[in-house]
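**Student:** upload.txt is reproduced in full below (compact mmCIF, C-alpha atoms).
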```
# COMPACT_ATOMS: atom_id res chain seq x y z
CA MET A 1 0.00 0.00 0.00
CA TYR A 2 2.81 2.40 0.91
CA MET A 3 4.63 1.78 -2.38
CA ARG A 4 1.41 2.23 -4.31
CA ARG A 5 0.69 5.61 -2.70
CA LEU A 6 4.20 6.79 -3.50
CA LEU A 7 4.03 5.71 -7.12
CA ILE A 8 0.69 7.51 -7.49
CA CYS A 9 2.36 10.56 -5.98
CA ILE A 10 5.15 10.31 -8.57
CA SER A 11 2.61 10.23 -11.41
CA LEU A 12 0.70 13.22 -10.07
CA ILE A 13 3.87 15.28 -9.71
CA SER A 14 4.86 14.44 -13.30
CA VAL A 15 1.48 15.41 -14.74
CA LEU A 16 1.38 18.62 -12.76
CA PHE A 17 4.78 19.99 -13.79
CA LEU A 18 5.44 18.72 -17.29
CA SER A 19 3.63 21.77 -18.63
CA CYS A 20 5.97 24.12 -16.73
CA ASN A 21 8.98 25.91 -18.18
CA GLY A 22 11.41 23.05 -18.93
CA ASN A 23 14.48 25.01 -17.79
CA LYS A 24 12.88 25.41 -14.37
CA VAL A 25 11.85 21.76 -13.99
CA ALA A 26 14.36 19.02 -13.16
CA GLN A 27 13.58 15.36 -13.72
CA ILE A 28 14.83 12.91 -11.06
CA TRP A 29 15.29 9.22 -11.77
CA THR A 30 15.51 7.06 -8.66
CA ASP A 31 15.09 3.54 -7.30
CA HIS A 32 13.80 4.96 -4.01
CA PRO A 33 10.07 5.83 -4.17
CA GLU A 34 10.29 8.03 -1.08
CA PHE A 35 12.06 10.60 -3.22
CA ALA A 36 8.61 11.47 -4.58
CA LEU A 37 7.84 12.88 -1.15
CA TYR A 38 11.15 14.74 -1.00
CA GLY A 39 10.42 16.20 -4.41
CA ASP A 40 6.96 17.26 -3.36
CA TYR A 41 8.37 18.88 -0.22
CA PHE A 42 10.92 20.80 -2.32
CA ASN A 43 8.23 21.93 -4.77
CA THR A 44 6.09 23.39 -2.01
CA SER A 45 9.03 24.98 -0.15
CA GLN A 46 9.76 27.53 -2.89
CA ASN A 47 8.24 28.71 -6.16
CA GLN A 48 11.27 29.17 -8.43
CA TYR A 49 12.01 25.57 -9.43
CA LYS A 50 10.20 22.26 -9.58
CA VAL A 51 11.24 18.61 -9.77
CA ILE A 52 9.53 15.59 -11.35
CA VAL A 53 10.34 12.22 -9.80
CA LYS A 54 10.34 9.03 -11.88
CA TYR A 55 10.77 5.60 -10.29
CA LEU A 56 13.01 3.07 -12.08
CA GLU A 57 14.23 -0.24 -10.70
CA TYR A 58 17.74 0.32 -12.09
CA PRO A 59 18.14 4.02 -12.97
CA SER A 60 21.87 3.82 -13.73
CA ALA A 61 21.33 1.02 -16.26
CA GLN A 62 18.51 2.99 -17.91
CA LEU A 63 20.73 6.08 -18.09
CA GLY A 64 23.40 4.09 -19.88
CA ARG A 65 20.87 2.82 -22.41
CA GLU A 66 19.56 6.35 -23.02
CA ASN A 67 23.08 7.67 -23.60
CA ARG A 68 23.97 4.87 -26.00
CA GLY A 69 20.78 5.55 -27.93
CA LYS A 70 21.41 9.33 -27.97
CA SER A 71 17.97 9.87 -26.44
CA ASN A 72 16.66 13.30 -25.47
CA ASN A 73 14.92 11.79 -22.46
CA ASN A 74 17.83 12.12 -20.06
CA PRO A 75 17.15 13.06 -16.44
CA ASP A 76 18.71 15.99 -14.62
CA ILE A 77 19.37 14.06 -11.39
CA VAL A 78 19.87 10.35 -10.73
CA VAL A 79 19.60 8.96 -7.19
CA GLY A 80 20.25 5.30 -6.52
CA SER A 81 22.58 2.44 -5.74
CA TRP A 82 25.39 1.16 -7.97
CA LEU A 83 26.03 4.51 -9.66
CA LYS A 84 29.83 4.32 -9.28
CA ASN A 85 31.39 2.18 -12.01
CA THR A 86 33.46 2.53 -15.18
CA SER A 87 30.69 4.55 -16.87
CA THR A 88 30.37 7.13 -14.10
CA GLY A 89 32.72 9.62 -15.69
CA VAL A 90 30.95 9.19 -19.03
CA ASN A 91 27.40 9.57 -17.73
CA PHE A 92 27.82 12.17 -14.98
CA LYS A 93 29.45 15.57 -14.74
CA SER A 94 31.86 16.77 -12.08
CA LEU A 95 30.15 18.33 -9.07
CA ASP A 96 33.15 20.33 -7.86
CA TYR A 97 31.36 23.58 -8.71
CA LEU A 98 28.74 22.81 -6.04
CA PHE A 99 31.30 23.29 -3.26
CA GLY A 100 32.50 26.62 -1.92
CA ALA A 101 31.35 29.73 -0.10
CA ASN A 102 27.58 29.74 0.46
CA LYS A 103 27.41 26.33 -1.21
CA LEU A 104 27.93 22.75 -0.07
CA SER A 105 30.80 21.89 2.25
CA ARG A 106 32.76 18.68 1.87
CA SER A 107 33.25 18.58 5.62
CA VAL A 108 29.58 17.84 6.36
CA PHE A 109 29.73 14.41 4.66
CA TYR A 110 31.15 11.19 6.05
CA PRO A 111 34.62 11.37 4.44
CA ARG A 112 34.92 7.71 3.44
CA LEU A 113 31.53 7.79 1.76
CA LEU A 114 32.33 11.03 -0.03
CA SER A 115 35.56 9.53 -1.35
CA VAL A 116 33.61 6.74 -3.09
CA GLY A 117 32.08 9.38 -5.40
CA ARG A 118 35.44 10.76 -6.55
CA ILE A 119 37.21 10.04 -9.80
CA ASP A 120 40.82 11.20 -9.67
CA ARG A 121 40.44 14.48 -7.76
CA SER A 122 36.95 15.43 -8.92
CA GLN A 123 33.65 14.71 -7.17
CA TYR A 124 31.19 13.02 -9.53
CA LEU A 125 28.72 11.57 -7.03
CA LEU A 126 27.42 12.73 -3.66
CA PRO A 127 26.49 10.17 -0.98
CA VAL A 128 22.85 10.28 0.16
CA SER A 129 22.37 7.43 2.64
CA PHE A 130 23.87 4.19 3.88
CA ASN A 131 23.19 1.19 6.13
CA VAL A 132 25.32 -1.03 8.34
CA PRO A 133 24.92 -4.59 9.69
CA ALA A 134 23.68 -5.35 13.19
CA LEU A 135 22.85 -8.26 15.47
CA ILE A 136 19.64 -8.02 17.47
CA PHE A 137 18.94 -9.72 20.79
CA SER A 138 16.72 -9.44 23.85
CA LYS A 139 17.31 -6.44 26.12
CA GLU A 140 17.50 -8.94 28.96
CA LYS A 141 20.87 -10.06 27.55
CA GLU A 142 22.32 -6.56 27.24
CA LEU A 143 24.74 -6.87 30.16
CA GLU A 144 26.25 -10.02 28.68
CA ILE A 145 27.63 -8.09 25.68
CA SER A 146 31.08 -6.66 26.32
CA SER A 147 30.73 -3.47 24.23
CA PRO A 148 27.80 -1.01 24.29
CA PHE A 149 28.24 -0.36 20.55
CA THR A 150 29.68 -3.32 18.61
CA ILE A 151 30.06 -7.09 18.58
CA GLY A 152 32.51 -9.34 16.76
CA PHE A 153 32.46 -12.90 15.49
CA GLU A 154 34.31 -14.46 18.41
CA GLU A 155 31.95 -12.97 20.98
CA ILE A 156 28.93 -14.10 18.96
CA LYS A 157 30.33 -17.63 18.95
CA LYS A 158 31.17 -17.59 22.67
CA LEU A 159 27.72 -16.39 23.73
CA SER A 160 25.97 -18.70 21.26
CA VAL A 161 27.58 -21.92 22.43
CA ALA A 162 26.75 -21.03 26.05
CA TYR A 163 23.13 -20.42 25.02
CA ASN A 164 22.64 -23.68 23.11
CA ILE A 165 20.52 -26.46 24.58
CA LEU A 166 20.88 -29.95 23.08
CA ASN A 167 18.19 -32.46 24.08
CA LYS A 168 18.32 -36.07 22.87
CA GLY A 169 20.45 -35.16 19.86
CA SER A 170 18.35 -32.16 18.78
CA TYR A 171 18.71 -28.49 19.60
CA THR A 172 15.75 -26.92 21.38
CA ARG A 173 17.56 -23.60 21.76
CA MET A 174 20.30 -22.17 19.56
CA GLY A 175 22.30 -19.00 19.97
CA PHE A 176 23.05 -18.19 16.34
CA SER A 177 23.89 -19.78 13.02
CA PRO A 178 25.60 -17.95 10.11
CA LEU A 179 23.48 -20.12 7.81
CA TRP A 180 20.27 -18.43 8.88
CA ASN A 181 20.84 -15.49 6.58
CA ASP A 182 22.77 -15.39 3.29
CA ASP A 183 23.35 -11.66 3.80
CA PHE A 184 25.32 -12.52 6.95
CA LEU A 185 27.49 -14.79 4.80
CA MET A 186 28.11 -11.84 2.48
CA ILE A 187 29.08 -9.63 5.41
CA THR A 188 31.48 -12.35 6.57
CA ALA A 189 33.04 -12.52 3.10
CA VAL A 190 33.42 -8.74 3.03
CA LEU A 191 35.03 -8.63 6.48
CA PHE A 192 37.51 -11.30 5.36
CA ASP A 193 38.52 -8.93 2.53
CA SER A 194 37.08 -10.99 -0.31
CA SER A 195 37.03 -7.64 -2.14
CA PHE A 196 34.25 -8.05 -4.67
CA LYS A 197 34.73 -5.25 -7.20
CA GLU A 198 33.96 -4.23 -10.75
CA ALA A 199 35.94 -5.96 -13.50
CA SER A 200 34.53 -7.81 -16.53
CA PRO A 201 32.10 -7.88 -14.84
CA LEU A 202 33.40 -8.95 -11.40
CA ALA A 203 36.66 -9.69 -9.59
CA TRP A 204 37.40 -10.92 -6.06
CA ASP A 205 40.10 -12.43 -3.86
CA ASN A 206 39.35 -16.13 -4.12
CA ALA A 207 41.71 -17.14 -1.30
CA ALA A 208 40.06 -14.67 1.10
CA LEU A 209 36.62 -15.83 -0.02
CA ASN A 210 37.54 -19.45 0.72
CA ARG A 211 38.92 -18.48 4.13
CA SER A 212 35.65 -16.73 4.98
CA MET A 213 33.53 -19.75 4.08
CA ASP A 214 35.92 -22.16 5.83
CA PHE A 215 35.52 -19.95 8.90
CA VAL A 216 31.73 -20.27 8.66
CA ASN A 217 31.94 -24.02 8.24
CA ASP A 218 34.22 -24.34 11.26
CA TRP A 219 31.82 -22.10 13.20
CA THR A 220 28.97 -24.48 12.43
CA ILE A 221 30.92 -27.57 13.56
CA LEU A 222 32.42 -26.04 16.69
CA ILE A 223 29.30 -24.29 17.95
CA ASN A 224 26.28 -26.10 16.48
CA THR A 225 27.54 -29.67 15.75
CA ASP A 226 26.99 -29.60 11.97
CA ASN A 227 24.86 -27.92 9.34
CA GLN A 228 22.31 -30.73 9.45
CA ALA A 229 21.63 -29.92 13.11
CA GLU A 230 21.25 -26.27 12.16
CA GLU A 231 18.94 -27.11 9.26
CA ASP A 232 16.80 -29.35 11.49
CA PHE A 233 16.48 -26.59 14.07
CA THR A 234 15.61 -24.06 11.38
CA PHE A 235 12.98 -26.32 9.80
CA LYS A 236 11.36 -27.01 13.17
CA TYR A 237 11.28 -23.55 14.69
CA PHE A 238 11.61 -20.88 11.99
CA ILE A 239 7.90 -20.62 11.29
CA GLU A 240 7.98 -17.20 12.96
CA PRO A 241 10.12 -14.12 12.22
CA GLN A 242 13.51 -14.27 13.93
CA GLU A 243 12.72 -11.28 16.14
CA LYS A 244 9.79 -13.28 17.54
CA LEU A 245 12.10 -16.26 18.15
CA ILE A 246 14.38 -13.94 20.13
CA GLN A 247 11.45 -12.70 22.21
CA SER A 248 10.38 -16.28 22.97
CA GLY A 249 13.94 -17.26 23.91
CA ARG A 250 14.28 -19.82 21.13
CA ILE A 251 17.35 -18.08 19.67
CA LEU A 252 19.79 -15.53 21.08
CA PHE A 253 20.82 -13.46 18.03
CA SER A 254 19.51 -12.53 14.61
CA TYR A 255 21.20 -10.65 11.78
CA MET A 256 19.54 -7.49 10.49
CA GLU A 257 20.56 -4.39 8.54
CA SER A 258 19.85 -0.99 10.04
CA SER A 259 17.24 -0.35 7.33
CA GLU A 260 15.19 -3.26 8.72
CA LEU A 261 16.04 -2.77 12.38
CA PHE A 262 14.51 0.66 12.77
CA ILE A 263 11.21 -0.14 11.08
CA LEU A 264 10.41 -3.01 13.42
CA SER A 265 7.17 -2.66 15.35
CA GLU A 266 7.23 -0.61 18.55
CA GLU A 267 6.50 -3.79 20.48
CA SER A 268 9.63 -5.43 19.06
CA LYS A 269 11.80 -2.36 19.54
CA ASN A 270 10.77 -2.14 23.19
CA ILE A 271 11.98 -5.70 23.78
CA LEU A 272 15.04 -5.88 21.51
CA ASP A 273 18.52 -4.40 21.63
CA PHE A 274 21.28 -4.37 19.01
CA ARG A 275 25.02 -4.09 18.34
CA TRP A 276 26.82 -3.15 15.14
CA ILE A 277 28.88 -5.99 13.64
CA MET A 278 32.57 -5.08 13.65
CA GLU A 279 35.77 -7.01 12.90
CA ASP A 280 39.31 -5.61 12.85
CA GLU A 281 37.89 -2.16 13.65
CA LYS A 282 35.72 -2.23 10.50
CA ILE A 283 31.95 -1.80 10.31
CA PRO A 284 31.12 -2.50 6.65
CA ILE A 285 28.76 -0.11 4.92
CA ALA A 286 26.18 -2.04 2.90
CA GLU A 287 26.99 -2.18 -0.81
CA ASP A 288 23.69 -0.56 -1.80
CA ALA A 289 24.62 2.84 -0.33
CA VAL A 290 22.66 5.53 -2.19
CA PHE A 291 24.42 8.21 -4.23
CA LEU A 292 23.31 11.20 -6.29
CA GLY A 293 24.72 12.33 -9.62
CA LEU A 294 23.92 14.95 -12.27
CA PRO A 295 23.94 13.52 -15.82
CA LYS A 296 25.95 15.44 -18.40
CA ARG A 297 22.98 15.69 -20.75
CA GLY A 298 20.51 17.12 -18.26
CA LYS A 299 18.46 20.04 -19.57
CA ALA A 300 17.60 21.92 -16.37
CA PRO A 301 20.89 22.55 -14.53
CA GLY A 302 19.47 25.47 -12.55
CA ALA A 303 16.63 23.42 -11.10
CA ALA A 304 18.92 20.44 -10.51
CA ASN A 305 21.49 22.54 -8.66
CA ALA A 306 18.77 24.18 -6.57
CA PHE A 307 17.38 20.80 -5.50
CA VAL A 308 20.81 19.42 -4.60
CA GLN A 309 21.68 22.48 -2.52
CA TRP A 310 18.28 22.26 -0.79
CA PHE A 311 18.39 18.52 -0.15
CA PHE A 312 21.80 18.50 1.52
CA LYS A 313 21.02 21.25 4.02
CA ILE A 314 20.94 19.92 7.58
CA GLU A 315 17.74 21.76 8.48
CA ASN A 316 15.90 20.46 5.42
CA GLN A 317 16.81 16.87 6.23
CA ARG A 318 15.51 17.46 9.75
CA LEU A 319 12.24 18.67 8.23
CA LEU A 320 12.07 15.57 6.02
CA LEU A 321 12.54 13.33 9.07
CA GLU A 322 9.84 15.26 10.90
CA PHE A 323 7.52 14.97 7.90
CA SER A 324 8.17 11.21 7.69
CA LYS A 325 7.35 10.76 11.36
CA ALA A 326 4.22 12.93 11.23
CA ASN A 327 2.90 11.01 8.23
CA ARG A 328 3.97 7.58 9.59
CA ILE A 329 6.32 7.05 6.65
CA SER A 330 9.09 6.26 9.13
CA GLU A 331 7.20 3.09 10.05
CA THR A 332 8.07 1.61 6.64
CA VAL A 333 11.14 3.57 5.47
CA PHE A 334 14.11 4.20 7.74
CA GLY A 335 15.71 7.62 8.02
CA ILE A 336 16.70 9.50 4.87
CA CYS A 337 16.19 7.51 1.68
CA GLY A 338 16.04 4.25 3.62
CA GLY A 339 19.19 4.68 5.70
CA PHE A 340 21.45 6.86 7.77
CA SER A 341 22.09 10.28 6.26
CA SER A 342 25.45 10.81 4.59
CA ILE A 343 25.62 14.10 6.48
CA GLY A 344 27.32 13.38 9.79
CA ALA A 345 25.49 16.02 11.82
CA VAL A 346 22.10 14.73 10.67
CA THR A 347 22.86 11.11 11.55
CA GLU A 348 24.67 11.81 14.81
CA GLN A 349 22.62 14.70 16.21
CA ILE A 350 19.17 14.58 14.61
CA PHE A 351 18.46 10.87 14.03
CA PRO A 352 18.39 10.07 17.79
CA ARG A 353 15.43 12.45 18.19
CA TYR A 354 13.39 10.22 15.90
CA TYR A 355 15.08 6.90 16.75
CA PRO A 356 15.77 7.13 20.53
CA SER A 357 17.62 3.80 20.66
CA LEU A 358 20.39 5.44 18.63
CA LEU A 359 21.16 7.97 21.36
CA GLY A 360 24.84 7.66 22.17
CA ARG A 361 25.17 4.55 19.99
CA MET A 362 25.78 5.80 16.47
CA PRO A 363 28.15 3.74 14.30
CA PRO A 364 31.58 5.32 15.03
CA SER A 365 32.54 7.13 11.83
CA GLU A 366 36.22 6.16 12.08
CA PHE A 367 35.26 2.49 11.82
CA LEU A 368 32.91 2.79 8.83
CA ALA A 369 34.37 0.91 5.84
CA ALA A 370 33.10 2.08 2.46
CA PRO A 371 32.13 -0.54 -0.14
CA ASN A 372 34.25 -1.27 -3.20
CA ILE A 373 33.30 -0.04 -6.65
CA LEU A 374 30.89 -2.64 -8.02
CA PRO A 375 29.41 -3.26 -11.48
CA GLY A 376 26.21 -1.44 -12.37
CA ASN A 377 24.32 -4.75 -12.44
CA TRP A 378 25.74 -5.88 -9.09
CA ALA A 379 22.25 -6.18 -7.55
CA VAL A 380 21.40 -8.90 -10.09
CA ILE A 381 24.81 -10.62 -9.94
CA ARG A 382 24.67 -10.62 -6.15
CA LYS A 383 21.21 -12.18 -6.06
CA ARG A 384 21.58 -14.66 -8.91
CA VAL A 385 25.22 -15.70 -8.61
CA VAL A 386 27.11 -14.62 -5.47
CA LEU A 387 24.54 -15.30 -2.75
CA PRO A 388 23.63 -18.77 -4.12
CA TYR A 389 27.34 -19.60 -4.19
CA LEU A 390 27.85 -18.46 -0.59
CA HIS A 391 24.74 -20.41 0.45
CA ASP A 392 26.14 -23.64 -1.02
CA ARG A 393 29.79 -23.07 -0.12
CA ALA A 394 29.04 -22.35 3.55
CA ARG A 395 27.46 -25.80 3.80
CA SER A 396 30.41 -27.66 2.25
CA ARG A 397 33.51 -28.84 4.10
CA GLN A 398 35.62 -28.65 0.94
CA SER A 399 35.50 -25.95 -1.73
CA GLU A 400 35.69 -28.69 -4.41
CA GLU A 401 32.21 -29.86 -3.37
CA THR A 402 30.65 -26.61 -4.60
CA MET A 403 30.43 -25.30 -8.15
CA PRO A 404 33.10 -22.55 -8.31
CA LEU A 405 31.97 -18.94 -8.35
CA GLU A 406 33.89 -18.34 -11.59
CA LYS A 407 31.92 -21.08 -13.34
CA ARG A 408 28.59 -19.83 -11.96
CA LEU A 409 29.36 -16.30 -13.14
CA ALA A 410 30.39 -17.50 -16.61
CA GLU A 411 27.22 -19.58 -16.89
CA TRP A 412 25.07 -16.65 -15.81
CA GLN A 413 26.77 -14.40 -18.37
CA ARG A 414 26.22 -16.98 -21.12
CA VAL A 415 22.51 -17.28 -20.37
CA ASN A 416 22.01 -13.51 -20.01
CA ARG A 417 24.13 -12.42 -22.96
```
As structure tokens, how would this structure be written, given the file I've shared?
**Tutor:**
Amino acid sequence: MYMRRLLICISLISVLFLSCNGNKVAQIWTDHPEFALYGDYFNTSQNQYKVIVKYLEYPSAQLGRENRGKSNNNPDIVVGSWLKNTSTGVNFKSLDYLFGANKLSRSVFYPRLLSVGRIDRSQYLLPVSFNVPALIFSKEKELEISSPFTIGFEEIKKLSVAYNILNKGSYTRMGFSPLWNDDFLMITAVLFDSSFKEASPLAWDNAALNRSMDFVNDWTILINTDNQAEEDFTFKYFIEPQEKLIQSGRILFSYMESSELFILSEESKNILDFRWIMEDEKIPIAEDAVFLGLPKRGKAPGAANAFVQWFFKIENQRLLLEFSKANRISETVFGICGGFSSIGAVTEQIFPRYYPSLLGRMPPSEFLAAPNILPGNWAVIRKRVVLPYLHDRARSRQSEETMPLEKRLAEWQRVNR
């Protein structure tokens, strides 16, 4: 229902402003429907410029197709994931002119996120929002966690094995299994420096990837007997959401990204606590961090610049958070554009007003690790190739028992050529 209302909003905005002076109207392409609301807020906040918001599942891929076809339908602003790749410099213009006196300041952004948008010494993309991984657990267990902010693999294992209850060969209570969530396997691979990155189309450190999955397999054997015991437990008890299993005491931990964590029901949030996952002083930023770019062939630079300057003002993001709360949008979409704001002051000072559990427990900026540059179709490759490989490999004692990732990727490319 929420998505439907937003898409209707997008259509209404488009119909309303297409008849306006084109130089005063910027078109935004985005994979985040909530930008329709941001656009509407901008349109009503001043009367000089307007924006039209168009939802696309993969806006960067569509932009590339438009440029190759020499279309006149190019947007003025693109907001989405996977914008940084080999075509960034071709599709987008440098944004260095946006910085300076009475303009944007580089210092307001998280520096490691801002650096992702650079090519050589020029800024081509601006970070909008990001998410980080967390483990959730019952507030009753809070004092058992050594750090008030983070938790690492070894502590998860230690607390899990102490929590396990084995009765007549079957687990009736289990602390945690890495196999419960393929996204946790991906986070493990990232923290072992598997270094997935754009190539033709993808490259990675295969030795590091194998070490990460061997680590998971050893985890299973040392803590939970074997993956069959974990699968049996999952089949028997995972008929409810994992947060409910935590509340009932069936499991101790569950993996969850911040984008999911802060839209849990109030009932769940009152019972649950969380810690950010950190290894070797690194909290990995999720690969789908959202960025904003201005295409070279945009036709309304004045309107586009005005929107960018407006959107990245601290006070305006506070107003957007207030608007989201007042209209109950924050119950289904976390923060700014589904994540923490890329502006440090907004995330660290303003977010806790709307998400009280964040007070004093923001992800420490010095530990945030930015994602690598990934191919524009990474979302599809991740879902169709990488995650299935991790799912199978984490359940195999020997890497030879699993179809290699290289072969899976080649097969996927052949079928989707």
**Student:** Contacts of A:Ala303 at 8 Å or less, counting all atoms listed in the file, minus same-chain residues fewer than 2 places along, as a CSV table (one decimal) with C-alpha atoms, in the coordinates of the input?
**Tutor:**
```csv
chain,number,residue,atom,x,y,z
A,23,ASN,CA,14.5,25.0,-17.8
A,24,LYS,CA,12.9,25.4,-14.4
A,25,VAL,CA,11.8,21.8,-14.0
A,26,ALA,CA,14.4,19.0,-13.2
A,49,TYR,CA,12.0,25.6,-9.4
A,50,LYS,CA,10.2,22.3,-9.6
A,51,VAL,CA,11.2,18.6,-9.8
A,300,ALA,CA,17.6,21.9,-16.4
A,301,PRO,CA,20.9,22.6,-14.5
A,305,ASN,CA,21.5,22.5,-8.7
A,306,ALA,CA,18.8,24.2,-6.6
A,307,PHE,CA,17.4,20.8,-5.5
```
**Student:** Measuring between all atoms listed in the file, which one of A:Thr234, A:Ser357, A:Asn316, A:Ser200 shows the shortest distance to A:Leu409?
**Tutor:**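 Result for the nearest residue to A:Leu409: A:Ser200.
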**Student:** Figure out the distance between atom CA of A:Lys282 and atom CA of A:Val216, please, to one decimal in Å.
**Tutor:**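 Distance reported for this atom pair: 18.6 Å.
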**Student:** What's the separation between atom CA of A:Thr150 and atom CA of A:Gly360, in Å to one decimal place?
**Tutor:** 12.5 Å
**Student:** Can you work out which one of A:Arg118, A:Asn210, A:Phe215, A:Phe340 has the shortest atom-to-atom distance to A:Thr402, counting all atoms listed in the file?
**Tutor:**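 So, comparing all the options, the nearest one is A:Asn210.
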**Student:** In Å to one decimal, how far is atom CA of A:Leu37 from atom CA of A:Arg382?
**Tutor:**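 If I compute the distance from atom CA of A:Arg382 to atom CA of A:Leu37, I get 29.3 Å.
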**Student:** For A:Arg318, please output as a VMD selection string all residues within 7 Å (counting only C-alpha atoms; exclusion window: fewer than 4 positions along the same chain).
**Tutor:** chain A and resid 314 322 350
**Student:** Kindly extract all protein, DNA and RNA residues lying within 12 Å of the coordinates (37.0, -19.8, 5.2) given in the file, considering all atoms listed in the file, and supply them as a VMD selection string.
**Tutor:** chain A and resid 185 188 to 194 206 to 220 390 393 to 399
**Student:** Using all atoms listed in the file, which of A:Phe274, A:Ala289, A:Gly175, A:Asp182 sits nearest A:Glu142?
**Tutor:**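 Smallest separation from A:Glu142 among the options: A:Phe274.
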**Student:** Which residue out of A:Leu202, A:Leu166, A:Leu143, A:Ala134 has the minimum interatomic distance to A:Pro363 when all atoms listed in the file are used?
**Tutor:**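 Distance minimum relative to A:Pro363 lands on A:Ala134.
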**Student:** Once you count only C-alpha atoms, which residues end up no further than 8 Å from (22.4, -21.1, 24.7) in the file's frame, shown as a PDB file with C-alpha atoms, in the coordinates of the input?
**Tutor:**
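Output below, filename out.pdb:
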```
ATOM      1  CA  LEU A 159      27.720 -16.390  23.730  1.00  0.00           C
ATOM      2  CA  SER A 160      25.970 -18.700  21.260  1.00  0.00           C
ATOM      3  CA  VAL A 161      27.580 -21.920  22.430  1.00  0.00           C
ATOM      4  CA  ALA A 162      26.750 -21.030  26.050  1.00  0.00           C
ATOM      5  CA  TYR A 163      23.130 -20.420  25.020  1.00  0.00           C
ATOM      6  CA  ASN A 164      22.640 -23.680  23.110  1.00  0.00           C
ATOM      7  CA  ILE A 165      20.520 -26.460  24.580  1.00  0.00           C
ATOM      8  CA  ARG A 173      17.560 -23.600  21.760  1.00  0.00           C
ATOM      9  CA  MET A 174      20.300 -22.170  19.560  1.00  0.00           C
ATOM     10  CA  GLY A 175      22.300 -19.000  19.970  1.00  0.00           C
ATOM     11  CA  ILE A 251      17.350 -18.080  19.670  1.00  0.00           C
ATOM     12  CA  LEU A 252      19.790 -15.530  21.080  1.00  0.00           C
TER      13      LEU A 252
END
```
**Student:** List the neighbours of stretch 30-32 of chain A out to 6 Å using all atoms listed in the file; skip same-chain residues closer than 5 positions along the sequence, and give me the result as a list of chain:residue names.
**Tutor:**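 With the cut-off at 6 Å, the set is A:Tyr55, A:Leu56, A:Glu57, A:Pro59, A:Val78, A:Val79, A:Gly80.
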**Student:** So that I can see what lies close to A:Leu83, please list as a VMD selection string the residues with an atom at most 12 Å from it, counting all atoms listed in the file and leaving out residues fewer than 4 positions away in the same chain.
**Tutor:** chain A and resid 29 to 31 58 to 64 77 to 79 87 to 92 116 to 118 124 to 128 198 287 to 295 372 to 379
**Student:** Any chance you could work out the axis-aligned box around stretch 43-46 of chain A, listed atoms only, 4 Å on each side, giving centre and edge lengths in Å to one decimal, as lines of an AutoDock Vina configuration file?
**Tutor:**
```
center_x = 7.9
center_y = 24.7
center_z = -2.5
size_x = 11.7
size_y = 13.6
size_z = 12.6
```
**Student:** Measuring atom to atom with all atoms listed in the file, identify which of A:Ser177, A:Asn131, A:Gln242, A:Gln317 is nearest to A:Phe153.
**Tutor:**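 Among A:Ser177, A:Asn131, A:Gln242, A:Gln317, it is A:Ser177 that comes nearest to A:Phe153.
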